[in-house]
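Working notes for the structure below.
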Amino acid sequence: MPEIAAPALSVLDLVPVRTGQTSAQAVAASLALARRADELGFRRYWFAEHHNMPSVASTSPPVLIAAAAGVTERIRVGSGGVMLPNHSPLIVAEQFAALSALAPGRIDLGIGRAPGSDPVITQLLRRSGTTSDVERFPEHVTDIISLASPQGATVRFVSGGEYAVHATPNATDVPEVWLLGSSDYSAQLAAQLGLPYVFANHFAGDGLERAMALYRSGFQATEERPAPRSFITANVIVAPTAEEARERALPQARQFARMRTNKPMTPLPTVEEAIAEPTDALEQSMIDQTTQRWFIGTADEVATTLREFAAKHEVDEVMISPVAGSYEREGLDSPAGRLQTLELLAAALR
């Protein structure tokens, strides 16, 4: 029986912040990880957008993308994603046009419809006057594509006049736009607009098969994109032993359980803190359910299951979110557990 082809690998980074770690140290660790992903031949490196979370420093994808582009050479860098309801379409187009000028041919603009924050933060964002109407999400996606193009967009006034708008004066390169989602809505919109699509499997495993089927069956081909194109995200932890991998999974799994039981959020615990913290039956059940969807184990174990996962869902790329926690002995500016995941998995899938 022939071996299943290995999928290309990419990285989704939330810039995790562990106990005792500063934002500066967390960002430094992520940039070190981006450099190593580039060296290892990963296809792309995306930053998520989340707000007001003690364990997440990825609040501003464009800033982090610019920093990552500056320390890498080949890998595509982008957003996974920009949460469009939080931003003006023109500002997004301008930011990513500038990024495309900084790193031509290497910028991805992943766009999501969720706010990436709690209701209070959503209201604060709206109060700033820069947010956009979520009901106009499809229109704003197409606006961004037009504004960032070399041709720009034309604003038509009620009076009949026209006004040309460009995200950058003379574009020679444009970001590649992807739609992100975990529901039928984003899959159907991506198909309708003829855009590539990413299913956010790292936090919402339910509905994967249906969303991918809707996207592929409804895809409207364009000259630029004659066929559907997609990949899937996954939480992945690889270590020399299965026991270490399970231990490194515990800090992030505990954070998921805290979030789902409405407990106060904290920086990501170390492995030792996560092991020592008492667990009630409800939390343990949530931890078990959560980690069942993750890819945890040795390099050979995870490589095998990732190959099967990619083949089952007919994708040639998997974007891994390396959620390995840190031991107390590991440096605060080091992505040790996440780096280990990338290096061991890349070697196993060669």
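Labels for the structure tokens follow display order: chains A, B, ..., residues from 1 in each chain, ligands from 1.
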Each residue of range 239-332 of chain A with at least one atom at most 8 Å from range 34-54 of chain A should appear once, together with its nearest atom pair and the corresponding distance in Å (one decimal); atoms considered: only C-alpha atoms; ordering: chain, then increasing residue number; output as a Markdown table.
```
| residue | atom | partner | partner_atom | distance |
| --- | --- | --- | --- | --- |
| A:Met265 | CA | A:Pro54 | CA | 6.5 |
| A:Thr266 | CA | A:Pro54 | CA | 5.4 |
| A:Pro267 | CA | A:Pro54 | CA | 4.9 |
| A:Leu268 | CA | A:Pro54 | CA | 7.9 |
```
Enumerate, in order of chain and increasing residue number, the residues of range 277-299 of chain A with an atom no farther than 12 Å from range 193-209 of chain A, each with its shortest atom pair and distance in Å to one decimal, counting only C-alpha atoms, as a Markdown table.
```
| residue | atom | partner | partner_atom | distance |
| --- | --- | --- | --- | --- |
| A:Gln289 | CA | A:Gly205 | CA | 11.1 |
| A:Thr290 | CA | A:Phe203 | CA | 8.8 |
| A:Thr291 | CA | A:His202 | CA | 10.6 |
| A:Gln292 | CA | A:Gly205 | CA | 10.5 |
| A:Arg293 | CA | A:Gly205 | CA | 7.2 |
| A:Trp294 | CA | A:His202 | CA | 7.8 |
| A:Phe295 | CA | A:His202 | CA | 10.2 |
```
Go ahead and save the residues from that selection, with N, CA and C atoms, as a JSON list (two decimals), in the first residue's frame.
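The resulting file, selection21.json, is shown below:
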```
[["chain", "number", "residue", "atom", "x", "y", "z"],
["A", 289, "GLN", "N", -12.06, 16.02, 26.61],
["A", 289, "GLN", "CA", -12.76, 16.25, 25.34],
["A", 289, "GLN", "C", -11.94, 17.13, 24.40],
["A", 290, "THR", "N", -11.31, 18.13, 24.99],
["A", 290, "THR", "CA", -10.51, 19.06, 24.18],
["A", 290, "THR", "C", -9.32, 18.37, 23.55],
["A", 291, "THR", "N", -8.55, 17.65, 24.36],
["A", 291, "THR", "CA", -7.32, 17.06, 23.85],
["A", 291, "THR", "C", -7.57, 15.88, 22.91],
["A", 292, "GLN", "N", -8.78, 15.31, 22.94],
["A", 292, "GLN", "CA", -9.10, 14.24, 21.99],
["A", 292, "GLN", "C", -9.02, 14.73, 20.55],
["A", 293, "ARG", "N", -9.26, 16.02, 20.35],
["A", 293, "ARG", "CA", -9.22, 16.59, 19.00],
["A", 293, "ARG", "C", -7.81, 17.02, 18.59],
["A", 294, "TRP", "N", -6.89, 17.04, 19.53],
["A", 294, "TRP", "CA", -5.54, 17.51, 19.23],
["A", 294, "TRP", "C", -4.66, 16.37, 18.73],
["A", 295, "PHE", "N", -3.52, 16.74, 18.16],
["A", 295, "PHE", "CA", -2.55, 15.77, 17.68],
["A", 295, "PHE", "C", -1.38, 15.80, 18.65]]
```
Spatial neighbours of range 244-251 of chain A, max dist 6 Å, only C-alpha atoms, sep filter under 5 positions, as a PDB file with C-alpha atoms, in the first residue's frame:
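The resulting file, out27.pdb, is reproduced below:
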```pdb
ATOM      1  CA  ILE A 237       2.184  18.933  20.288  1.00  0.00           C
ATOM      2  CA  VAL A 238       5.182  16.742  19.481  1.00  0.00           C
ATOM      3  CA  ALA A 239       7.854  15.617  21.936  1.00  0.00           C
ATOM      4  CA  PRO A 269       0.548  28.086  33.453  1.00  0.00           C
ATOM      5  CA  VAL A 271       3.648  22.464  32.892  1.00  0.00           C
ATOM      6  CA  ALA A 274      -0.817  22.767  35.343  1.00  0.00           C
ATOM      7  CA  ILE A 296      -0.361  14.802  20.630  1.00  0.00           C
ATOM      8  CA  GLY A 297       2.508  12.328  20.705  1.00  0.00           C
ATOM      9  CA  ALA A 324       3.055  22.934  23.695  1.00  0.00           C
ATOM     10  CA  GLY A 325       3.447  24.404  27.173  1.00  0.00           C
TER      11      GLY A 325
END
```
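Of note, CA of Ala187 in chain A and CA of Leu214 in chain A are spaced 6.4 Å apart.
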Pull the strand (DSSP E or B) assignments for range 21-245 of chain A out of DSSP run on the backbone, and list those residues as number ranges by chain. A: 44-47, 56, 76-83, 107-112, 153-156, 162-165, 176-181, 197-199, 230-238
So which bits of range 22-256 of chain A end up helix (DSSP H, G or I) when you DSSP the backbone, as a PyMOL selection string? chain A and resi 23-40+61-71+84-86+89-102+119-127+134-148+184-193+208-218+242-256
Quick one: residues within 10 Å of range 142-155 of chain A, only C-alpha atoms counted, chain neighbours fewer than 3 positions away excluded, as a ChimeraX atom specification? /A:88-98,100,109,137-139,158,161-177,193
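If you measure from each of A:Leu14, A:Ile121, A:Ser79, A:Thr72 to Ser58 in chain A using only C-alpha atoms, the closest one turns out to be A:Leu14.
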Could you please determine the separation between CA of Arg229 in chain A and CA of Val11 in chain A in Å, to one decimal place? 17.5 Å
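Between Lys312 in chain A and the residues A:Phe231, A:Arg329, A:Asp13, A:Val120, the shortest atom-to-atom distance, using only C-alpha atoms, involves A:Phe231.
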